[in-house]
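Shown next: final.txt, containing compact mmCIF, C-alpha atoms.
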# COMPACT_ATOMS: atom_id res chain seq x y z
CA MET A 1 0.00 0.00 0.00
CA ARG A 2 1.48 3.32 -1.09
CA LEU A 3 -0.57 6.48 -0.75
CA ILE A 4 -0.45 10.22 -0.20
CA LEU A 5 -2.70 12.20 2.14
CA LEU A 6 -3.45 15.73 0.96
CA GLY A 7 -5.20 18.45 2.90
CA PRO A 8 -4.68 21.84 4.54
CA PRO A 9 -3.31 22.24 8.08
CA GLY A 10 -5.82 20.96 10.64
CA SER A 11 -7.59 18.61 8.21
CA GLY A 12 -6.61 15.50 10.20
CA LYS A 13 -3.92 14.04 7.91
CA GLY A 14 -1.68 13.12 10.83
CA THR A 15 -4.46 11.32 12.69
CA GLN A 16 -5.50 9.28 9.65
CA ALA A 17 -1.86 8.49 8.79
CA GLN A 18 -1.31 7.06 12.28
CA ARG A 19 -4.43 4.92 12.00
CA LEU A 20 -3.25 3.49 8.68
CA VAL A 21 0.16 2.74 10.19
CA GLN A 22 -1.36 0.89 13.16
CA ARG A 23 -3.90 -1.06 11.14
CA TYR A 24 -1.84 -2.13 8.10
CA GLY A 25 1.75 -2.11 9.37
CA ILE A 26 2.96 0.47 6.85
CA VAL A 27 5.30 3.37 7.68
CA GLN A 28 4.47 7.07 7.87
CA LEU A 29 6.90 9.22 5.90
CA SER A 30 7.24 12.70 7.34
CA THR A 31 9.88 14.75 5.53
CA GLY A 32 10.79 16.72 8.65
CA GLU A 33 11.38 13.57 10.72
CA MET A 34 13.23 11.87 7.87
CA LEU A 35 15.54 14.86 7.43
CA ARG A 36 16.39 14.88 11.13
CA ALA A 37 16.95 11.11 11.13
CA ALA A 38 19.21 11.27 8.06
CA VAL A 39 21.26 14.08 9.60
CA ALA A 40 21.61 12.13 12.87
CA ALA A 41 22.62 8.95 10.98
CA GLU A 42 25.13 11.00 8.92
CA THR A 43 24.07 9.40 5.65
CA PRO A 44 25.50 11.00 2.46
CA VAL A 45 22.15 12.72 1.78
CA GLY A 46 21.83 13.64 5.45
CA LEU A 47 25.22 15.32 5.48
CA LYS A 48 24.24 17.47 2.47
CA ALA A 49 21.01 18.47 4.20
CA LYS A 50 22.89 19.24 7.43
CA ASP A 51 25.15 21.80 5.78
CA LEU A 52 22.22 23.52 4.08
CA MET A 53 20.13 23.59 7.27
CA ALA A 54 23.08 24.93 9.27
CA ASN A 55 23.32 27.87 6.82
CA GLY A 56 19.57 28.52 7.09
CA GLN A 57 18.88 27.42 3.53
CA LEU A 58 15.92 25.39 2.30
CA VAL A 59 16.69 21.76 1.48
CA PRO A 60 16.30 21.26 -2.32
CA ASP A 61 13.73 18.83 -3.65
CA ASP A 62 16.36 16.41 -4.99
CA ILE A 63 17.82 15.95 -1.50
CA VAL A 64 14.38 15.44 0.04
CA VAL A 65 13.52 12.87 -2.63
CA GLY A 66 16.87 11.19 -1.99
CA ILE A 67 16.00 10.86 1.70
CA ILE A 68 12.62 9.39 0.80
CA SER A 69 14.35 6.95 -1.54
CA ASP A 70 16.65 5.73 1.24
CA ARG A 71 13.75 5.43 3.67
CA ILE A 72 11.45 3.31 1.50
CA ASP A 73 14.35 0.90 0.87
CA GLN A 74 14.41 -0.02 4.56
CA PRO A 75 12.88 -3.40 5.62
CA ASP A 76 10.03 -1.92 7.66
CA ALA A 77 8.70 -0.16 4.53
CA VAL A 78 8.22 -3.38 2.57
CA LYS A 79 4.43 -3.36 3.25
CA GLY A 80 4.14 0.21 1.98
CA PHE A 81 4.01 3.80 3.20
CA VAL A 82 1.82 6.83 3.64
CA LEU A 83 3.23 10.27 2.77
CA ASP A 84 1.93 13.08 4.95
CA GLY A 85 3.15 16.57 4.02
CA PHE A 86 4.96 15.56 0.83
CA PRO A 87 4.76 16.36 -2.00
CA ARG A 88 3.84 20.00 -1.46
CA THR A 89 4.35 21.19 -5.04
CA VAL A 90 3.88 19.82 -8.56
CA PRO A 91 7.68 19.58 -9.18
CA GLN A 92 7.98 17.49 -6.01
CA ALA A 93 5.14 15.25 -7.24
CA GLU A 94 6.90 14.78 -10.56
CA ALA A 95 10.17 13.90 -8.80
CA LEU A 96 8.31 11.38 -6.62
CA ASP A 97 6.70 9.78 -9.68
CA GLU A 98 10.13 9.38 -11.27
CA LEU A 99 11.54 7.85 -8.08
CA LEU A 100 8.75 5.27 -7.84
CA LYS A 101 9.11 4.46 -11.52
CA ARG A 102 12.83 3.72 -11.06
CA LYS A 103 12.01 1.41 -8.15
CA HIS A 104 9.22 -0.30 -10.14
CA LEU A 105 6.63 0.81 -7.59
CA LYS A 106 3.25 2.44 -8.11
CA LEU A 107 1.21 4.90 -6.11
CA ASP A 108 -2.12 3.32 -5.12
CA ALA A 109 -4.07 6.47 -4.27
CA VAL A 110 -3.96 10.12 -3.29
CA VAL A 111 -6.61 10.90 -0.67
CA GLU A 112 -7.62 14.53 -0.27
CA LEU A 113 -9.22 15.50 3.04
CA ARG A 114 -11.38 18.45 2.06
CA VAL A 115 -12.36 20.80 4.87
CA ASN A 116 -14.13 24.10 5.43
CA GLU A 117 -11.44 26.70 6.13
CA SER A 118 -13.84 28.96 8.03
CA ALA A 119 -14.74 26.06 10.31
CA LEU A 120 -11.03 25.30 10.86
CA LEU A 121 -10.35 28.91 11.89
CA GLN A 122 -13.34 28.82 14.22
CA ARG A 123 -12.02 25.64 15.84
CA VAL A 124 -8.61 27.22 16.44
CA GLU A 125 -10.14 30.41 17.85
CA THR A 126 -12.32 28.39 20.23
CA ARG A 127 -9.38 26.19 21.33
CA VAL A 128 -7.13 29.23 21.95
CA ALA A 129 -9.84 31.00 23.93
CA GLU A 130 -10.41 27.90 26.10
CA MET A 131 -6.66 27.49 26.74
CA ARG A 132 -6.27 31.12 27.75
CA ALA A 133 -9.32 30.85 30.03
CA ARG A 134 -7.63 27.92 31.80
CA GLY A 135 -4.37 29.87 32.06
CA GLU A 136 -2.53 27.56 29.67
CA GLU A 137 0.21 28.74 27.34
CA VAL A 138 -0.75 28.95 23.66
CA ARG A 139 1.80 27.78 21.11
CA VAL A 140 3.04 30.48 18.74
CA ASP A 141 2.16 28.38 15.69
CA ASP A 142 -1.30 27.45 17.01
CA THR A 143 -3.17 30.71 16.48
CA PRO A 144 -5.75 31.88 13.94
CA GLU A 145 -3.19 34.30 12.46
CA VAL A 146 -0.60 31.58 11.79
CA LEU A 147 -3.24 29.17 10.49
CA THR A 148 -4.48 31.84 8.05
CA LYS A 149 -0.96 32.16 6.59
CA ARG A 150 -0.52 28.38 6.37
CA LEU A 151 -3.88 28.00 4.61
CA ALA A 152 -2.87 30.66 2.08
CA ALA A 153 0.42 28.82 1.43
CA TYR A 154 -1.47 25.57 0.97
CA ARG A 155 -3.82 27.13 -1.58
CA SER A 156 -0.99 28.63 -3.64
CA GLN A 157 1.53 25.75 -3.49
CA THR A 158 -0.26 22.49 -2.77
CA GLU A 159 -3.78 22.81 -4.20
CA PRO A 160 -2.43 22.46 -7.77
CA LEU A 161 -1.61 18.85 -6.81
CA ILE A 162 -5.34 18.12 -6.73
CA HIS A 163 -5.55 18.80 -10.45
CA TYR A 164 -2.23 16.99 -11.08
CA TYR A 165 -3.35 13.71 -9.45
CA SER A 166 -6.91 14.03 -10.71
CA GLU A 167 -5.60 13.98 -14.28
CA ARG A 168 -3.72 10.77 -13.47
CA ARG A 169 -6.86 9.20 -11.95
CA LYS A 170 -5.22 8.80 -8.57
CA LEU A 171 -7.27 11.32 -6.60
CA ALA A 172 -10.09 10.47 -4.18
CA THR A 173 -11.77 13.14 -2.03
CA VAL A 174 -13.10 12.62 1.51
CA ASP A 175 -15.16 15.07 3.55
CA GLY A 176 -12.69 15.95 6.30
CA MET A 177 -15.42 17.63 8.35
CA MET A 178 -16.91 14.25 9.27
CA THR A 179 -16.00 12.59 12.56
CA ILE A 180 -12.61 10.87 12.80
CA GLU A 181 -14.26 7.43 12.69
CA GLN A 182 -16.31 8.33 9.63
CA VAL A 183 -13.24 9.65 7.80
CA THR A 184 -11.33 6.45 8.67
CA ARG A 185 -14.11 4.25 7.29
CA GLU A 186 -14.25 6.27 4.07
CA VAL A 187 -10.46 6.13 3.60
CA ASN A 188 -10.52 2.34 4.09
CA ARG A 189 -13.39 2.04 1.59
CA ILE A 190 -11.37 3.96 -1.01
CA LEU A 191 -8.27 1.82 -0.44
CA ALA A 192 -10.32 -1.35 -0.82
CA ALA A 193 -11.89 -0.01 -4.03
CA VAL A 194 -8.50 0.66 -5.65
CA GLY A 195 -7.15 -2.75 -4.57
CA ALA A 196 -4.62 -1.37 -2.10
CA LEU A 197 -5.86 -3.69 0.66
CA GLU A 198 -5.71 -6.96 -1.33
CA PRO A 199 -2.20 -7.98 -0.20
CA GLN A 200 -3.23 -7.60 3.44
CA ALA A 201 -6.68 -9.19 3.04
CA ALA A 202 -5.54 -12.29 1.09
CA PRO A 203 -3.89 -14.12 4.02
CA ALA A 204 -6.98 -13.57 6.14
CA ARG A 205 -9.22 -15.02 3.41
CA LYS A 206 -6.94 -18.04 3.05
CA ALA A 207 -6.96 -18.63 6.79
CA ARG A 208 -10.76 -18.48 6.89
CA GLY A 209 -10.97 -20.91 3.96
CA ALA A 210 -8.60 -23.36 5.65
CA ALA A 211 -10.63 -23.17 8.85
CA ARG A 212 -13.85 -23.92 6.95
CA LYS A 213 -12.26 -26.92 5.19
CA ALA A 214 -10.94 -28.27 8.48
CA ALA A 215 -14.38 -27.91 10.04
CA ARG A 216 -16.23 -29.75 7.25
CA PRO A 217 -15.24 -33.36 8.20
CA SER A 218 -16.11 -32.72 11.83
CA ALA A 219 -19.46 -31.28 10.83
CA LYS A 220 -20.22 -34.33 8.65
CA LYS A 221 -19.27 -36.74 11.44
CA ALA A 222 -21.44 -34.82 13.88
CA ALA A 223 -24.39 -35.01 11.44
CA LYS A 224 -23.95 -38.79 10.99
CA SER A 225 -23.71 -39.29 14.73
CA ALA A 226 -26.87 -37.24 15.19
CA LYS A 227 -28.70 -39.46 12.65
CA LYS A 228 -27.51 -42.69 14.32
CA ALA A 229 -28.38 -41.51 17.81
CA PRO A 230 -32.17 -42.26 17.65
CA LYS A 231 -31.49 -45.74 16.16
CA ALA A 232 -28.94 -46.54 18.84
CA ALA A 233 -31.36 -45.37 21.51
CA LYS A 234 -34.10 -47.69 20.13
CA GLN A 235 -31.70 -50.63 20.05
CA ALA A 236 -30.62 -49.93 23.59
CA SER A 237 -34.26 -49.72 24.65
CA ARG A 238 -35.04 -53.02 22.95
CA GLY A 239 -32.02 -54.61 24.53
CA ALA A 240 -33.12 -53.39 27.92
CA LYS A 241 -36.67 -54.77 27.41
CA GLY A 242 -35.28 -58.05 26.09
CA GLY A 243 -33.06 -58.37 29.13
CA LYS A 244 -36.01 -57.84 31.45
CA THR A 245 -38.07 -60.45 29.63
CA ALA A 246 -35.20 -62.94 29.72
CA ARG A 247 -34.75 -62.42 33.44
CA ARG A 248 -38.46 -62.92 34.07
CA LYS A 249 -38.52 -66.13 32.02
CA ALA A 250 -35.44 -67.43 33.78
CA ALA A 251 -36.99 -66.75 37.20
CA ALA A 252 -40.24 -68.36 36.17
CA ALA A 253 -38.37 -71.36 34.80
CA ALA A 254 -36.42 -71.68 38.02
CA ARG A 255 -39.62 -71.52 40.05
CA GLY A 256 -41.22 -74.10 37.80
CA ARG A 257 -38.28 -76.49 38.09
CA GLY A 258 -38.28 -76.14 41.84
CA THR A 259 -42.02 -76.94 42.10
CA GLY A 260 -41.69 -80.05 39.90
CA LYS A 261 -38.92 -81.52 42.01
CA ALA A 262 -40.90 -80.96 45.19
CA LYS A 263 -43.93 -82.79 43.77
CA LYS A 264 -41.80 -85.79 42.72
CA THR A 265 -40.24 -85.99 46.19
CA VAL A 266 -43.66 -86.02 47.84
CA LYS A 267 -44.86 -88.78 45.51
CA ARG A 268 -41.84 -90.95 46.36
CA ILE A 269 -42.40 -90.56 50.09
CA VAL A 270 -46.11 -91.45 49.71
CA ARG A 271 -45.25 -94.55 47.65
CA LYS A 272 -42.69 -95.76 50.23
CA ALA A 273 -45.13 -95.26 53.09
CA ALA A 274 -47.83 -97.18 51.20
CA LYS A 275 -45.47 -100.11 50.59
CA LYS A 276 -44.58 -100.36 54.30
CA VAL A 277 -48.26 -100.46 55.26
CA THR A 278 -48.92 -103.23 52.73
CA LYS A 279 -46.04 -105.37 54.05
CA LYS A 280 -47.25 -105.12 57.68
CA ARG A 281 -50.75 -106.21 56.74
CA ALA A 282 -49.31 -109.15 54.81
CA LYS A 283 -47.43 -110.39 57.88
CA ARG A 284 -50.55 -110.37 59.99

If you convert what's in this file into structure tokens, what do you get?
Amino acid sequence: MRLILLGPPGSGKGTQAQRLVQRYGIVQLSTGEMLRAAVAAETPVGLKAKDLMANGQLVPDDIVVGIISDRIDQPDAVKGFVLDGFPRTVPQAEALDELLKRKHLKLDAVVELRVNESALLQRVETRVAEMRARGEEVRVDDTPEVLTKRLAAYRSQTEPLIHYYSERRKLATVDGMMTIEQVTREVNRILAAVGALEPQAAPARKARGAARKAARPSAKKAAKSAKKAPKAAKQASRGAKGGKTARRKAAAAARGRGTGKAKKTVKRIVRKAAKKVTKKRAKR
């Protein structure tokens, strides 16, 4: 995923960039932070920028693009990046296009967060008034006067990029006056529509498919067991009834056998007694 967030100061680019970083594991490219990091690391490009910054000069576009080039070559940028605050001008956009072309990379989308400038100024005025009422110190660059200058610079330098990327069919516009959650949902919808989320979504789809396949045999076995259960219950019931009947018959048979033997014994005793009586009478 490789995208650019465009929008005037206070439009929420930084907030949305951080959300994209956390959700998709991409890196946020901020030219100011990258310049400081390159200077601290004393890279060849960083050393050039250091000398210019020490003399109070602006860092040329080719050096900034060189720093971006070094940064997106690092391992943590393999999943992609979001540019916040760059490019600011059409020449910078052209230089970025050339850089990506050399690296055989493509820009997925440019998302413009469109806001109402009057509403932004009102927000800043309200925030400053509340801070002063609480006795808090107001930052020099966080005032309606400074914001007015920054908005004017954005209109003159950066707004032409809207036309530049629109011509290349890369531009998508989001209402930046919506809530943060609503803006996030709309940005994600745009990224899904342009196919920028496919590399991240594919593993999840495969995992779900594998889980469904693994569950199928178990589901079939459970269904078969459920079908056999009533039959097994009937057989068990029959077996139980049969056992009862067998036990009853056995008991009855035992009782019958016992009664027969008793009768025979009685008959023998009677016969013996009768014979004795007959012999006595014969002797008389």

- Message: Rounded to one decimal, what separation in Å do you get between atom CA of A:Ala172 and atom CA of A:Arg102?
- Response: 24.9 Å

- Quote the spacing between atom CA of A:Gly10 and atom CA of A:Leu147 in Å to one decimal place.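 The value is 8.6 Å.
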
- Which is closer to A:Arg23 than all the others in A:Met178, A:Val59, A:Met1, A:Leu100, using only C-alpha atoms?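 Nearest to A:Arg23: A:Met1.
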
Where does stretch 41-101 of chain A meet stretch 151-170 of chain A within 10 Å, residue by residue, with the nearest atom pair and distance in Å to one decimal for each, counting all atoms listed in the file, listed by chain and rising number, as JSON lines?
{"residue": "A:Gly85", "atom": "CA", "partner": "A:Thr158", "partner_atom": "CA", "distance": 9.6}
{"residue": "A:Phe86", "atom": "CA", "partner": "A:Thr158", "partner_atom": "CA", "distance": 9.4}
{"residue": "A:Pro87", "atom": "CA", "partner": "A:Thr158", "partner_atom": "CA", "distance": 8.0}
{"residue": "A:Arg88", "atom": "CA", "partner": "A:Thr158", "partner_atom": "CA", "distance": 5.0}
{"residue": "A:Thr89", "atom": "CA", "partner": "A:Thr158", "partner_atom": "CA", "distance": 5.3}
{"residue": "A:Val90", "atom": "CA", "partner": "A:Leu161", "partner_atom": "CA", "distance": 5.8}
{"residue": "A:Pro91", "atom": "CA", "partner": "A:Leu161", "partner_atom": "CA", "distance": 9.6}
{"residue": "A:Gln92", "atom": "CA", "partner": "A:Leu161", "partner_atom": "CA", "distance": 9.7}
{"residue": "A:Ala93", "atom": "CA", "partner": "A:Leu161", "partner_atom": "CA", "distance": 7.7}
{"residue": "A:Glu94", "atom": "CA", "partner": "A:Tyr164", "partner_atom": "CA", "distance": 9.4}

- Task: Fewer than 2 positions away in the same chain doesn't count, so skip those; otherwise give me all residues within 12 Å of stretch 47-58 of chain A, counting only C-alpha atoms, as a list in words.
- Result: Thr31, Gly32, Met34, Leu35, Arg36, Ala37, Ala38, Val39, Ala40, Ala41, Glu42, Thr43, Pro44, Val45, Pro60, Asp61, Asp62, Ile63, Val64, Val65, Gly66 and Ile67 of chain A

- Message: Measuring between all atoms listed in the file, which one of A:Gly7, A:Gly80, A:Pro75, A:Gly135 shows the shortest distance to A:Leu20?
- Response: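 Selected residue with least distance to A:Leu20: A:Gly80.
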
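Closest approach to A:Leu83 among A:Val115, A:Leu3, A:Ile68, A:Met131: A:Leu3, based on all atoms listed in the file.
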
- Message: Could you check the closest approach to A:Val174 for each of A:Arg2, A:Lys103, A:Arg19, A:Lys13 and tell me which residue wins, using all atoms listed in the file?
- Response: A:Lys13

- Enter the distance from atom CA of A:Asn116 to atom CA of A:Ile180, in Å, rounded to one decimal.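 We find that atom CA of A:Asn116 and atom CA of A:Ile180 lie 15.2 Å from each other.
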
- Message: Please determine, counting only C-alpha atoms, which residue among A:Leu121, A:Leu113, A:Ala17, A:Glu130 has the shortest atom-to-atom distance to A:Lys149.
- Response: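 Of A:Leu121, A:Leu113, A:Ala17, A:Glu130, the one nearest A:Lys149 is A:Leu121, counting only C-alpha atoms.
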
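The neighbours of A:Ala193 here are the residues that come within 12 Å of it, using only C-alpha atoms and leaving out any residue fewer than 4 positions away in the same chain; they are A:Asp108, A:Ala109, A:Lys170, A:Ala172, A:Glu186, A:Val187, A:Asn188, A:Arg189, A:Leu197, A:Glu198.
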